[in-house]
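Peer 1: Below you'll find the structure I mean.
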Amino acid sequence: MNIASRFNVLPDDRQTVQFTLDGEIVTAKQGISLAAALLAQSGTASRQTVNGAGRTAFCMMGVCFDCMVNVDGVPNTQACMVTVRDGMRVTRQIGLRPLEGSNDV
Ligand code: FES
């Protein structure tokens, strides 16, 4: 599930950080949002709805919830509201996560 990104990152001299996306190492500029790093990395979806529709960051300001990913084991993390950092483990979120205390899957 990887297509070329349509986003170009402008050159800058900031240091880089590395994190993993579904187990693959990704390099990003320090200080940018995780959503921006994901958009620059891949033009494909960062999550799928319960119906299998692809979604990725849209508003970049915490409103649309289309950027939700799992970060370091925490599901439903809004990637646009998190600054990328070294060692972060990110996985695409597929479908719904179970609610706490629920037996629903
Ligand atoms: S891009 Fe809309 S909430 Fe993150």
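Just so we're on the same page: first chain in the structure tokens is A, next is B, and so on; residues restart at 1 for each chain, and ligands are numbered from 1 in the order they show up.
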Neighbours of ligand 1 within 10 Å, counting only C-alpha atoms and all ligand atoms, as a tab-separated table (two decimals) with N, CA and C atoms, in the first residue's frame?
Peer 2:
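Once written, pocket31.tsv looks like this:
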```
chain	number	residue	atom	x	y	z
A	33	SER	N	4.94	18.11	12.03
A	33	SER	CA	3.91	17.22	12.58
A	33	SER	C	4.06	15.83	11.98
A	34	LEU	N	3.57	14.86	12.70
A	34	LEU	CA	3.58	13.49	12.19
A	34	LEU	C	2.76	13.40	10.92
A	35	ALA	N	1.66	14.13	10.83
A	35	ALA	CA	0.83	14.10	9.62
A	35	ALA	C	1.61	14.61	8.41
A	36	ALA	N	2.37	15.68	8.58
A	36	ALA	CA	3.18	16.21	7.48
A	36	ALA	C	4.23	15.19	7.07
A	55	ARG	N	-8.22	6.94	4.19
A	55	ARG	CA	-8.27	8.31	4.69
A	55	ARG	C	-6.85	8.75	5.01
A	56	THR	N	-6.61	10.04	4.92
A	56	THR	CA	-5.33	10.59	5.36
A	56	THR	C	-5.56	12.03	5.81
A	57	ALA	N	-4.54	12.66	6.30
A	57	ALA	CA	-4.67	14.00	6.86
A	57	ALA	C	-5.32	14.95	5.85
A	58	PHE	N	-6.24	15.78	6.35
A	58	PHE	CA	-6.95	16.71	5.49
A	58	PHE	C	-6.85	18.13	6.03
A	59	CYS	N	-7.33	18.35	7.24
A	59	CYS	CA	-7.40	19.73	7.76
A	59	CYS	C	-6.08	20.20	8.37
A	60	MET	N	-5.29	19.29	8.88
A	60	MET	CA	-4.01	19.58	9.54
A	60	MET	C	-4.16	20.47	10.78
A	61	MET	N	-5.35	20.49	11.37
A	61	MET	CA	-5.54	21.31	12.58
A	61	MET	C	-6.47	20.66	13.59
A	62	GLY	N	-6.58	19.35	13.58
A	62	GLY	CA	-7.30	18.65	14.64
A	62	GLY	C	-8.80	18.62	14.53
A	63	VAL	N	-9.35	18.89	13.37
A	63	VAL	CA	-10.80	18.98	13.22
A	63	VAL	C	-11.41	17.76	12.54
A	64	CYS	N	-10.79	17.26	11.49
A	64	CYS	CA	-11.44	16.24	10.65
A	64	CYS	C	-11.27	14.80	11.14
A	65	PHE	N	-10.27	14.53	11.93
A	65	PHE	CA	-9.99	13.19	12.48
A	65	PHE	C	-9.65	12.17	11.38
A	66	ASP	N	-9.30	12.62	10.20
A	66	ASP	CA	-8.93	11.68	9.14
A	66	ASP	C	-7.47	11.23	9.23
A	67	CYS	N	-6.73	11.77	10.16
A	67	CYS	CA	-5.30	11.45	10.25
A	67	CYS	C	-4.98	10.47	11.37
A	68	MET	N	-5.98	9.83	11.95
A	68	MET	CA	-5.74	9.00	13.12
A	68	MET	C	-4.85	7.80	12.79
A	69	VAL	N	-3.86	7.61	13.64
A	69	VAL	CA	-2.93	6.49	13.53
A	69	VAL	C	-2.68	5.96	14.94
A	77	THR	N	-4.70	8.35	17.60
A	77	THR	CA	-3.86	9.52	17.80
A	77	THR	C	-3.94	10.39	16.55
A	78	GLN	N	-4.28	11.65	16.73
A	78	GLN	CA	-4.36	12.57	15.59
A	78	GLN	C	-2.94	12.96	15.18
A	79	ALA	N	-2.51	12.47	14.03
A	79	ALA	CA	-1.14	12.70	13.58
A	79	ALA	C	-0.82	14.18	13.38
A	80	CYS	N	-1.83	14.98	13.07
A	80	CYS	CA	-1.58	16.41	12.84
A	80	CYS	C	-1.34	17.16	14.15
A	81	MET	N	-1.65	16.55	15.28
A	81	MET	CA	-1.50	17.21	16.57
A	81	MET	C	-0.26	16.74	17.32
A	82	VAL	N	0.55	15.90	16.67
A	82	VAL	CA	1.73	15.32	17.31
A	82	VAL	C	2.96	15.73	16.52
```
Peer 1: Determine, counting only C-alpha atoms, which protein, DNA and RNA residues have an atom within 12 Å of an atom of Asp12 of chain A; residues of the same chain fewer than 4 positions away are not included. Present the result as a VMD selection string.
Peer 2: chain A and resid 16 28 to 32
Peer 1: Which residue gives the smallest distance to Ala37 of chain A among A:Thr20, A:Val84, A:Val50, A:Arg14, with only C-alpha atoms counted?
Peer 2: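 Residue with the minimum atom-to-atom distance to Ala37 of chain A: A:Val84.
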Peer 1: Atom CA of Arg47 of chain A and atom CA of Arg89 of chain A, how far apart in Å?
Peer 2: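 Here the two named atoms are 14.9 Å from each other.
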Peer 1: Using only C-alpha atoms, pick whichever of A:Pro11, A:Val17, A:Gln93, A:Asp86 has the shortest atom-to-atom distance to Val74 of chain A.
Peer 2: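 For Val74 of chain A, the nearest of the candidates is A:Gln93.
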